[in-house]
Each structure stands twice: as structure tokens, then as C-alpha cells.
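So this block is data.cif, mmCIF, C-alpha atoms:
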data_run
#
loop_
_atom_site.label_atom_id
_atom_site.label_comp_id
_atom_site.auth_asym_id
_atom_site.auth_seq_id
_atom_site.Cartn_x
_atom_site.Cartn_y
_atom_site.Cartn_z
CA MET E 1 0.00 0.00 0.00
CA GLU E 2 1.32 3.43 -0.96
CA GLU E 3 1.87 5.94 1.87
CA LYS E 4 -0.27 9.09 1.67
CA LYS E 5 1.77 12.21 0.96
CA GLU E 6 1.48 15.02 3.53
CA ILE E 7 0.34 18.26 1.86
CA VAL E 8 -0.66 21.65 3.23
CA SER E 9 -2.48 23.91 0.76
CA VAL E 10 -3.42 27.41 1.87
CA SER E 11 -4.31 30.74 0.36
CA GLY E 12 -4.81 34.32 1.40
CA VAL E 13 -3.60 37.88 0.94
CA VAL E 14 -0.47 38.98 2.79
CA SER E 15 -1.52 42.09 4.68
CA GLN E 16 0.55 45.23 5.02
CA GLU E 17 0.85 44.52 8.76
CA ILE E 18 2.24 41.01 8.17
CA PHE E 19 4.66 42.38 5.57
CA LYS E 20 5.84 45.02 8.06
CA LYS E 21 6.45 42.29 10.68
CA PHE E 22 8.35 40.22 8.09
CA LEU E 23 10.72 43.11 7.35
CA GLY E 24 11.16 43.60 11.10
CA TYR E 25 12.11 39.94 11.56
CA HIS E 26 14.31 40.05 8.50
CA ILE E 27 16.55 42.88 9.75
CA GLN E 28 16.23 42.16 13.48
CA SER E 29 19.71 40.67 13.91
CA LEU E 30 21.31 43.48 11.90
CA ASN E 31 19.56 46.08 14.06
CA LYS E 32 20.72 44.38 17.27
CA MET E 33 24.32 44.31 16.08
CA VAL E 34 24.34 47.92 14.83
CA LEU E 35 22.64 49.24 17.95
CA THR E 36 25.01 47.35 20.26
CA VAL E 37 28.07 48.71 18.43
CA LEU E 38 26.63 52.24 18.53
CA LEU E 39 25.86 52.00 22.25
CA LEU E 40 29.37 50.78 23.02
CA GLY E 41 30.90 53.39 20.70
CA PHE E 42 28.94 56.27 22.24
CA PHE E 43 29.78 55.10 25.75
CA LEU E 44 33.50 54.74 25.07
CA TYR E 45 33.70 58.06 23.19
CA ILE E 46 31.96 60.03 25.93
CA TRP E 47 33.81 58.29 28.76
CA LEU E 48 37.35 58.00 27.36
CA ILE E 49 37.66 60.75 24.74
CA LEU E 50 35.49 63.47 26.29
CA ASP E 51 36.44 62.33 29.84
CA LEU E 52 33.00 63.12 31.28
CA GLY E 53 32.74 60.20 33.72
CA TRP E 54 31.36 56.74 33.15
CA ILE E 55 27.92 57.35 34.72
CA PHE E 56 27.27 60.39 32.52
CA ALA E 57 28.67 58.47 29.52
CA LEU E 58 26.35 55.52 30.16
CA ILE E 59 23.24 57.67 30.58
CA THR E 60 24.05 59.75 27.49
CA ALA E 61 24.84 56.65 25.41
CA LEU E 62 21.54 55.02 26.44
CA ILE E 63 19.59 58.16 25.52
CA LEU E 64 21.31 58.35 22.11
CA TRP E 65 20.75 54.61 21.61
CA GLY E 66 17.02 55.05 22.35
CA ILE E 67 16.73 57.93 19.89
CA ILE E 68 18.47 55.93 17.15
CA LYS E 69 16.31 52.86 17.86
CA LEU E 70 13.17 55.00 17.61
CA MET E 71 14.38 56.52 14.33
CA LEU E 72 15.17 53.06 12.91
CA THR E 73 11.69 51.85 13.85
CA ILE E 74 10.04 54.82 12.16
CA VAL E 75 12.17 54.43 9.02
CA MET E 76 11.43 50.68 8.85
CA ASN E 77 7.68 51.29 9.18
CA LEU E 78 7.75 53.90 6.42
CA ARG E 79 9.92 51.67 4.22
CA SER E 80 7.67 48.65 4.68
CA VAL E 81 4.56 50.65 3.76
CA LYS E 82 6.28 52.03 0.65
CA GLU E 83 7.60 48.59 -0.35
CA TYR E 84 4.22 46.91 0.15
CA LYS E 85 2.31 49.55 -1.81
CA SER E 86 4.80 49.40 -4.69
CA ASP E 87 4.56 45.59 -5.00
CA LYS E 88 1.15 45.04 -6.63
CA LEU E 89 1.77 41.29 -6.93
CA MET E 90 2.23 41.07 -3.13
CA GLN E 91 -1.25 42.53 -2.66
CA ASN E 92 -2.93 39.71 -4.62
CA GLU E 93 -4.07 36.41 -3.22
CA VAL E 94 -1.29 33.85 -2.92
CA PHE E 95 -1.79 30.08 -3.14
CA LEU E 96 0.84 28.01 -1.33
CA THR E 97 1.26 24.25 -1.40
CA ILE E 98 3.86 22.72 0.90
CA SER E 99 4.62 19.02 0.61
CA GLU E 100 7.52 16.59 0.82
CA ASP E 101 8.42 17.71 -2.71
CA GLY E 102 8.86 21.37 -1.71
CA ILE E 103 6.94 24.64 -1.90
CA GLN E 104 4.77 25.86 -4.76
CA GLN E 105 3.57 29.45 -4.85
CA LYS E 106 1.02 30.90 -7.27
CA ARG E 107 -0.16 34.50 -7.65
CA GLN E 108 -2.25 35.54 -10.62
CA LYS E 109 -0.05 34.58 -13.60
CA ALA E 110 3.14 34.14 -11.58
CA GLU E 111 4.26 30.72 -10.38
CA ALA E 112 7.33 29.64 -8.44
CA SER E 113 8.42 26.40 -6.88
CA TRP E 114 11.30 25.39 -4.66
CA GLU E 115 12.51 21.95 -3.70
CA TRP E 116 13.63 21.44 -0.12
CA ASP E 117 17.30 21.63 -1.05
CA ASP E 118 16.63 25.17 -2.39
CA ILE E 119 15.51 26.33 1.06
CA LEU E 120 18.39 27.94 2.98
CA SER E 121 16.58 28.27 6.31
CA VAL E 122 13.15 27.98 7.86
CA HIS E 123 12.00 30.22 10.71
CA GLU E 124 8.75 30.05 12.61
CA GLN E 125 7.75 33.35 14.16
CA LYS E 126 4.70 34.18 16.26
CA GLU E 127 2.67 35.31 13.23
CA MET E 128 4.27 33.48 10.30
CA PHE E 129 6.58 30.89 8.82
CA LEU E 130 9.52 32.16 6.74
CA PHE E 131 11.17 29.93 4.14
CA TYR E 132 14.37 31.69 3.04
CA VAL E 133 15.31 30.89 -0.54
CA SER E 134 18.17 33.42 -0.57
CA LYS E 135 19.80 35.68 1.99
CA ASN E 136 17.26 38.45 1.37
CA LYS E 137 14.24 36.63 -0.06
CA ALA E 138 11.73 34.51 1.81
CA VAL E 139 8.44 32.83 1.10
CA LEU E 140 6.01 34.18 3.71
CA LEU E 141 3.33 31.94 5.12
CA PRO E 142 1.17 33.82 7.63
CA LYS E 143 -0.28 31.58 10.31
CA SER E 144 -3.63 33.29 9.75
CA PHE E 145 -3.84 31.34 6.46
CA MET E 146 -4.00 28.04 8.41
CA VAL E 147 -6.03 26.28 11.05
CA ASN E 148 -4.36 24.45 13.92
CA HIS E 149 -4.24 20.96 12.36
CA GLU E 150 -2.62 22.43 9.21
CA MET E 151 0.12 24.04 11.32
CA ILE E 152 0.85 20.71 12.98
CA LYS E 153 1.00 19.02 9.58
CA LEU E 154 3.26 21.82 8.23
CA ARG E 155 5.71 21.49 11.13
CA LYS E 156 5.84 17.74 10.47
CA ILE E 157 6.55 18.32 6.75
CA ILE E 158 9.31 20.82 7.63
CA HIS E 159 10.81 18.50 10.24
CA ASN E 160 10.84 15.53 7.85
CA ASN E 161 11.99 17.31 4.68
CA ALA E 162 14.00 20.46 5.39
CA LEU E 163 17.58 19.65 4.44
CA THR E 164 19.05 22.71 6.08
CA GLN E 165 20.36 22.75 9.63
CA LYS E 166 18.84 26.22 9.97
CA VAL E 167 15.33 25.24 11.00
CA LYS E 168 13.97 27.29 13.88
CA LEU E 169 10.49 26.21 14.88
CA LEU E 170 8.86 27.45 18.06
CA GLU E 171 9.51 25.21 21.08
CA GLY E 172 7.40 22.12 21.48
CA SER E 173 5.96 22.43 18.00
CA VAL E 174 6.98 19.08 16.49
#
Can I see the file as C-alpha cells?
Amino acid sequence: MEEKKEIVSVSGVVSQEIFKKFLGYHIQSLNKMVLTVLLLGFFLYIWLILDLGWIFALITALILWGIIKLMLTIVMNLRSVKEYKSDKLMQNEVFLTISEDGIQQKRQKAEASWEWDDILSVHEQKEMFLFYVSKNKAVLLPKSFMVNHEMIKLRKIIHNNALTQKVKLLEGSV
């Protein structure tokens, strides 16, 4: 008897809010690194170069760090809105099929498919699954597209087929 192939087929429209969260996840590690270097740099500059005392240097560095973090957040929100509005294809309904063969994506007249060895990393976030097919490009699968049993089936498919060591599913999910 032939074993039944696990398949998850979903569809929906990626909202501007989900796209904004995706960009936030995508550059999160870069932001952490840049902000940490800036905080340390401000602190050392004020403390050692300006010789204003370490307490004053720490407080000033934290204030500057907060201002820069706020500015980065505002810029990222504006950028994500602009990017989403400029990508008309993104605003159309997407049909995704994930199976042991890979991922198929269809939007209007556009079709793409990736085998599991094309997937560089898989990340499960609170609101979505991200299947990175290059350093800067991911297939987004919002969890709002699925019901609970489909998410369980999807995690099983990922666990059994993802060839990459970079699979980050939420704890206790498989």
C-alpha cells in the first residue's frame, strides 16, 4: 500500500501589517548588532575621549541609543509601507502548497516552486513561517492562512523534509 503524501495547501492575501512584521524579523539581527556597536561606541567616546565620567557616559549613550532605535523603527515602518504599496503582486491572493516535494507558490499569472534543497533556512515566528530561498528573499506563510491541524502538519513536513540545519520552529511544536 502506498503511503499518503502530507500536503498543506493554503491561500490568502499577505496584509501590510504582516509584511511590516516580516521586514522587522528580517533585519532584526542586523539592528541588534548595529545598535550594540553604537551603544558601546557612544559610551566609550563620551567616557574616554570626552572624559565626562562613566555614569554620565552611560546615561548619554543610552539616551542616544534610544533615539536611534526610535528613528530606525520609524524608518522601517515607512519603508515597509512604501515597499508593500509598490509591489502590486504582493497585494494579490497567494496560493501556497507545501509538501515533501517542496513549496509551490502561485499568484495571478506568476508561479514559483522550490525543492527542499533550495531552502536555505526555515523560521517560525509568532505570526508566520519564513522559508528563506536566498539571503534576502523569503516565502512568507502567515499563520492566519492556516487552522491548527494544518500548522501541525506543516511542522511535520518541515521536520521531515527540510535539508538545512537552519530550521527554527517554536519550542514544542513538532
Once the PyMOL selection byres ((chain E and resi 5) around 8) has been applied to the shown file, what residues remain in the selection, as a compact mmCIF listing (two decimals) with C-alpha atoms, in the coordinates of the input?
# COMPACT_ATOMS: atom_id res chain seq x y z
CA GLU E 3 1.87 5.94 1.87
CA LYS E 4 -0.27 9.09 1.67
CA GLU E 6 1.48 15.02 3.53
CA ILE E 7 0.34 18.26 1.86
CA SER E 99 4.62 19.02 0.61
CA GLU E 100 7.52 16.59 0.82
Go through the shown structure with the PyMOL selection byres ((chain E and resi 114) around 12) and write out the matching residues as a list of chain:residue names. E:Leu96, E:Thr97, E:Ile98, E:Ser99, E:Glu100, E:Asp101, E:Gly102, E:Ile103, E:Gln104, E:Gln105, E:Lys106, E:Glu111, E:Ala112, E:Ser113, E:Glu115, E:Trp116, E:Asp117, E:Asp118, E:Ile119, E:Leu120, E:Phe131, E:Tyr132, E:Val133, E:Ser134, E:Ala138, E:Val139, E:Ala162
Just the selected residues (C-alpha atoms), exported as a PDB file, in the frame of the given file, please.
ATOM      1  CA  LEU E  96       0.840  28.010  -1.330  1.00  0.00           C
ATOM      2  CA  THR E  97       1.260  24.250  -1.400  1.00  0.00           C
ATOM      3  CA  ILE E  98       3.860  22.720   0.900  1.00  0.00           C
ATOM      4  CA  SER E  99       4.620  19.020   0.610  1.00  0.00           C
ATOM      5  CA  GLU E 100       7.520  16.590   0.820  1.00  0.00           C
ATOM      6  CA  ASP E 101       8.420  17.710  -2.710  1.00  0.00           C
ATOM      7  CA  GLY E 102       8.860  21.370  -1.710  1.00  0.00           C
ATOM      8  CA  ILE E 103       6.940  24.640  -1.900  1.00  0.00           C
ATOM      9  CA  GLN E 104       4.770  25.860  -4.760  1.00  0.00           C
ATOM     10  CA  GLN E 105       3.570  29.450  -4.850  1.00  0.00           C
ATOM     11  CA  LYS E 106       1.020  30.900  -7.270  1.00  0.00           C
ATOM     12  CA  GLU E 111       4.260  30.720 -10.380  1.00  0.00           C
ATOM     13  CA  ALA E 112       7.330  29.640  -8.440  1.00  0.00           C
ATOM     14  CA  SER E 113       8.420  26.400  -6.880  1.00  0.00           C
ATOM     15  CA  GLU E 115      12.510  21.950  -3.700  1.00  0.00           C
ATOM     16  CA  TRP E 116      13.630  21.440  -0.120  1.00  0.00           C
ATOM     17  CA  ASP E 117      17.300  21.630  -1.050  1.00  0.00           C
ATOM     18  CA  ASP E 118      16.630  25.170  -2.390  1.00  0.00           C
ATOM     19  CA  ILE E 119      15.510  26.330   1.060  1.00  0.00           C
ATOM     20  CA  LEU E 120      18.390  27.940   2.980  1.00  0.00           C
ATOM     21  CA  PHE E 131      11.170  29.930   4.140  1.00  0.00           C
ATOM     22  CA  TYR E 132      14.370  31.690   3.040  1.00  0.00           C
ATOM     23  CA  VAL E 133      15.310  30.890  -0.540  1.00  0.00           C
ATOM     24  CA  SER E 134      18.170  33.420  -0.570  1.00  0.00           C
ATOM     25  CA  ALA E 138      11.730  34.510   1.810  1.00  0.00           C
ATOM     26  CA  VAL E 139       8.440  32.830   1.100  1.00  0.00           C
ATOM     27  CA  ALA E 162      14.000  20.460   5.390  1.00  0.00           C
TER      28      ALA E 162
END
With a cut-off of 8 Å, could you pull out the residues of stretch 62-128 of chain E touching stretch 9-32 of chain E and give me the nearest pair of atoms for each, distance in Å to one decimal, using only C-alpha atoms, ordered by chain and ascending number, as a tab-separated table?
residue	atom	partner	partner_atom	distance
E:Met76	CA	E:Gly24	CA	7.4
E:Asn77	CA	E:Lys20	CA	6.6
E:Ser80	CA	E:Lys20	CA	5.3
E:Val81	CA	E:Gln16	CA	6.9
E:Tyr84	CA	E:Gln16	CA	6.3
E:Met90	CA	E:Val14	CA	6.8
E:Gln91	CA	E:Val13	CA	6.3
E:Asn92	CA	E:Val13	CA	5.9
E:Glu93	CA	E:Val13	CA	4.4
E:Val94	CA	E:Ser11	CA	5.4
E:Phe95	CA	E:Ser11	CA	4.4
E:Leu96	CA	E:Val10	CA	5.4
E:Thr97	CA	E:Ser9	CA	4.3
E:Ile98	CA	E:Ser9	CA	6.5
E:Glu127	CA	E:Ile18	CA	7.6
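In this model, the gap between atom CA of E:Leu89 and atom CA of E:Arg107 comes to 7.1 Å.
Proximity to E:Val8 was assessed for E:Lys135, E:Lys153, E:Lys166, E:Lys109 counting all atoms listed in the file; the smallest distance is recorded for E:Lys153.
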Could you tell me how far atom CA of E:His123 sits from atom CA of E:Trp65, in Å to one decimal place? 28.1 Å
Please rebuild stretch 97-112 of chain E with N, CA and C atoms and return the result as a PDB file, in the coordinates of the input.
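After the write, rebuild36.pdb holds the following:
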ATOM      1  N   THR E  97       1.360  25.682  -1.643  1.00  0.00           N
ATOM      2  CA  THR E  97       1.260  24.250  -1.400  1.00  0.00           C
ATOM      3  C   THR E  97       2.607  23.776  -0.901  1.00  0.00           C
ATOM      4  N   ILE E  98       2.630  23.228   0.303  1.00  0.00           N
ATOM      5  CA  ILE E  98       3.860  22.720   0.900  1.00  0.00           C
ATOM      6  C   ILE E  98       3.704  21.226   1.071  1.00  0.00           C
ATOM      7  N   SER E  99       4.665  20.479   0.525  1.00  0.00           N
ATOM      8  CA  SER E  99       4.620  19.020   0.610  1.00  0.00           C
ATOM      9  C   SER E  99       6.037  18.498   0.755  1.00  0.00           C
ATOM     10  N   GLU E 100       6.176  17.179   0.742  1.00  0.00           N
ATOM     11  CA  GLU E 100       7.520  16.590   0.820  1.00  0.00           C
ATOM     12  C   GLU E 100       8.354  16.898  -0.421  1.00  0.00           C
ATOM     13  N   ASP E 101       7.703  17.341  -1.489  1.00  0.00           N
ATOM     14  CA  ASP E 101       8.420  17.710  -2.710  1.00  0.00           C
ATOM     15  C   ASP E 101       8.995  19.124  -2.644  1.00  0.00           C
ATOM     16  N   GLY E 102       8.391  19.998  -1.819  1.00  0.00           N
ATOM     17  CA  GLY E 102       8.860  21.370  -1.710  1.00  0.00           C
ATOM     18  C   GLY E 102       7.712  22.344  -1.553  1.00  0.00           C
ATOM     19  N   ILE E 103       7.925  23.564  -2.039  1.00  0.00           N
ATOM     20  CA  ILE E 103       6.940  24.640  -1.900  1.00  0.00           C
ATOM     21  C   ILE E 103       6.560  25.142  -3.284  1.00  0.00           C
ATOM     22  N   GLN E 104       5.269  25.258  -3.523  1.00  0.00           N
ATOM     23  CA  GLN E 104       4.770  25.860  -4.760  1.00  0.00           C
ATOM     24  C   GLN E 104       3.989  27.110  -4.373  1.00  0.00           C
ATOM     25  N   GLN E 105       4.251  28.185  -5.105  1.00  0.00           N
ATOM     26  CA  GLN E 105       3.570  29.450  -4.850  1.00  0.00           C
ATOM     27  C   GLN E 105       2.964  29.943  -6.159  1.00  0.00           C
ATOM     28  N   LYS E 106       1.701  30.363  -6.096  1.00  0.00           N
ATOM     29  CA  LYS E 106       1.020  30.900  -7.270  1.00  0.00           C
ATOM     30  C   LYS E 106       0.342  32.207  -6.897  1.00  0.00           C
ATOM     31  N   ARG E 107       0.519  33.202  -7.761  1.00  0.00           N
ATOM     32  CA  ARG E 107      -0.160  34.500  -7.650  1.00  0.00           C
ATOM     33  C   ARG E 107      -0.530  34.913  -9.049  1.00  0.00           C
ATOM     34  N   GLN E 108      -1.776  35.159  -9.298  1.00  0.00           N
ATOM     35  CA  GLN E 108      -2.250  35.540 -10.620  1.00  0.00           C
ATOM     36  C   GLN E 108      -1.559  34.686 -11.683  1.00  0.00           C
ATOM     37  N   LYS E 109      -0.735  35.306 -12.529  1.00  0.00           N
ATOM     38  CA  LYS E 109      -0.050  34.580 -13.600  1.00  0.00           C
ATOM     39  C   LYS E 109       1.339  34.120 -13.211  1.00  0.00           C
ATOM     40  N   ALA E 110       1.793  34.482 -12.016  1.00  0.00           N
ATOM     41  CA  ALA E 110       3.140  34.140 -11.580  1.00  0.00           C
ATOM     42  C   ALA E 110       3.131  32.834 -10.782  1.00  0.00           C
ATOM     43  N   GLU E 111       4.105  31.994 -11.089  1.00  0.00           N
ATOM     44  CA  GLU E 111       4.260  30.720 -10.380  1.00  0.00           C
ATOM     45  C   GLU E 111       5.720  30.526 -10.030  1.00  0.00           C
ATOM     46  N   ALA E 112       5.964  29.967  -8.852  1.00  0.00           N
ATOM     47  CA  ALA E 112       7.330  29.640  -8.440  1.00  0.00           C
ATOM     48  C   ALA E 112       7.279  28.365  -7.622  1.00  0.00           C
TER      49      ALA E 112
END
